[in-house]
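**Q** Submitted below is the structure of interest, expressed as structure tokens.
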Amino acid sequence: MYDALELSLSDWQILFSQWNEQKFRASQICQWIYAKKIFNYFDMTNISKTLRDKLSENILMTLPILIKQQNSKDGTKKYLWQLNDGNKIESVLLNHGGHKTACISSQAGCPLGCIFCETGANGFKRNLTRGEILGQFLMMEKLNGADINNIVFMGMGEPLLNEDNIFSAIRSLNDKNMRNLGARHITISTSGIAPGIEDLADFEIPLRLSVSLHATNDNLRSKLMPVNNQYSLQKLISALRRYKDRTGERITIEYALIDRINDDVEYAYEMAALLDGLEPYINLIPFNPIPSRPELKRSGDSRIKEFCRALSELKIEFELRKERGTDIMAACGQLAGSK
Ligand code: SAH
Ligand code: SF4
């Protein structure tokens, strides 16, 4: 049996032509689901009763089930969902002065095991389907009774290890007949899967790309992020150069400052040399403490200041991000999917 959110617009069109229904019915259904967030076929009032019956008998409408919602005092909300097979995942809604951003999971768990990340510490279950990816976003819009302006794939998991489903979900988010979310409002964050970055460079929708760097030499980066053993900095940087050449897009680099691990000023200089010519935008993230690694601490204010001063001197554009949602374990790297 088919499941509604697993179907792309052309899947719906093919299905309706098999059912001898008119083609425009496909966009009508998608409007109800993606624009109006109506998930019950019987509420789709411009669809004939016969077709509604047929839909409800033949096409499932599976959505993630909300298990728990936590609201931070800074306006951030965290949602814990249960999937059809019992796996649990989390999504986060960030609220910046009325501007809403959904932080969506791409996998249940993550196989990459970065030492500073709680998701990585909890192991890997499986890739999410396109319907499970879209379901998080649509349910958050439904629960909030309003459109969410931006989506970032910075929840649980590595999006570029689940490329087909992520790309399929993004096509539907972007499609004018579906959610109609602008490409500039969609960001993929990757730990540095070089072949995936190459695929992104050729992807027809010009998304935004964010890269989790966190260390500026292979020795340290491999200790913090085992994925670096497979895709070294040299491979990562050359993929980024090709991405920049092909798309002309500015890349964002994520760098979490961890006390005495990667926050020495010498690393600011190393970063400048490493990224020379890429002209990225640097997001410095205050490290968010995680239960599985109590020995890792956030850098102190004076070390952060020193690091920032060095970057300014090097004329590297950066922003020191404010922490969000740490009180409910909803900040970057804190999603565990089980609590
Ligand atoms: N797997 C992808 C996307 C999910 S992680 C990636 O790694 O990019 C989302 C972001 O949170 C990444 O930039 C990641 O490096 C960062 N992050 C992970 N753990 C963190 C922590 N404890 N403190 C701050 N940022 C963290
Ligand atoms: Fe996976 Fe990203 Fe966490 Fe690394 S930082 S373990 S890649 S989710």
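Ligands are numbered from 1 in the order shown, residues from 1 within each chain, and chains are lettered A, B, ... in the order they appear in the structure tokens.
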So that I can see what lies close to Ile166 in chain A, please list as a ChimeraX atom specification the residues with an atom at most 10 Å from it, counting only C-alpha atoms and leaving out residues fewer than 6 positions away in the same chain.
**A** /A:106-107,127-131,133-134,153,159-160,188
**Q** Collect all residues with atoms no farther than 6 Å from ligand 2, counting only C-alpha atoms and all ligand atoms, and output them as an MDAnalysis selection string.
**A** chainID A and resid 110 112:114 117 119:120 156:158 191 333
**Q** Write out as a ChimeraX atom specification the residues lying within 9 Å of range 248-259 of chain A, counting only C-alpha atoms and excluding same-chain residues fewer than 4 positions away.
**A** /A:116,189,206-215,240,243-244,263-264,278-288,296-300,303-304
**Q** Those residues you just picked out, can you put them in a file as a CSV table (one decimal), in the first residue's frame with C-alpha atoms?
**A**
```
chain,number,residue,atom,x,y,z
A,116,PHE,CA,31.3,16.0,20.7
A,189,SER,CA,24.6,20.7,7.0
A,206,PRO,CA,20.4,25.9,-5.3
A,207,LEU,CA,20.3,25.1,-1.6
A,208,ARG,CA,22.6,26.6,1.1
A,209,LEU,CA,25.5,24.5,2.3
A,210,SER,CA,26.9,24.4,5.8
A,211,VAL,CA,30.0,22.3,6.7
A,212,SER,CA,30.9,21.1,10.2
A,213,LEU,CA,34.7,21.7,10.3
A,214,HIS,CA,35.5,21.8,14.1
A,215,ALA,CA,39.3,21.2,13.4
A,240,LEU,CA,34.1,22.6,-1.5
A,243,TYR,CA,31.0,23.3,-5.2
A,244,LYS,CA,31.9,26.9,-5.1
A,263,ASP,CA,40.1,26.8,20.6
A,264,ASP,CA,43.8,27.8,20.5
A,278,LEU,CA,37.0,29.7,-0.4
A,279,GLU,CA,35.8,32.9,1.3
A,280,PRO,CA,33.4,31.1,3.5
A,281,TYR,CA,31.3,32.5,6.3
A,282,ILE,CA,32.3,31.1,9.7
A,283,ASN,CA,29.7,30.3,12.4
A,284,LEU,CA,31.4,29.9,15.7
A,285,ILE,CA,29.2,27.9,18.0
A,286,PRO,CA,29.6,27.8,21.7
A,287,PHE,CA,30.1,24.1,22.4
A,288,ASN,CA,27.0,22.6,23.9
A,296,LEU,CA,34.3,18.2,27.1
A,297,LYS,CA,33.7,21.8,28.2
A,298,ARG,CA,32.7,25.0,26.5
A,299,SER,CA,35.6,27.4,25.9
A,300,GLY,CA,35.8,30.2,28.4
A,303,ARG,CA,39.6,32.1,24.9
A,304,ILE,CA,36.6,32.8,22.7
```
**Q** As a PyMOL selection string, please: all residues of range 148-327 of chain A that backbone DSSP puts in strand (DSSP E or B).
**A** chain A and resi 150-153+186-190+208-212+252-258+281-286+298+318-320
**Q** Taking only C-alpha atoms into account, name the residue in A:Ile67, A:Ala273, A:Cys308, A:Val92 that is nearest to Leu80 in chain A.
**A** A:Ile67
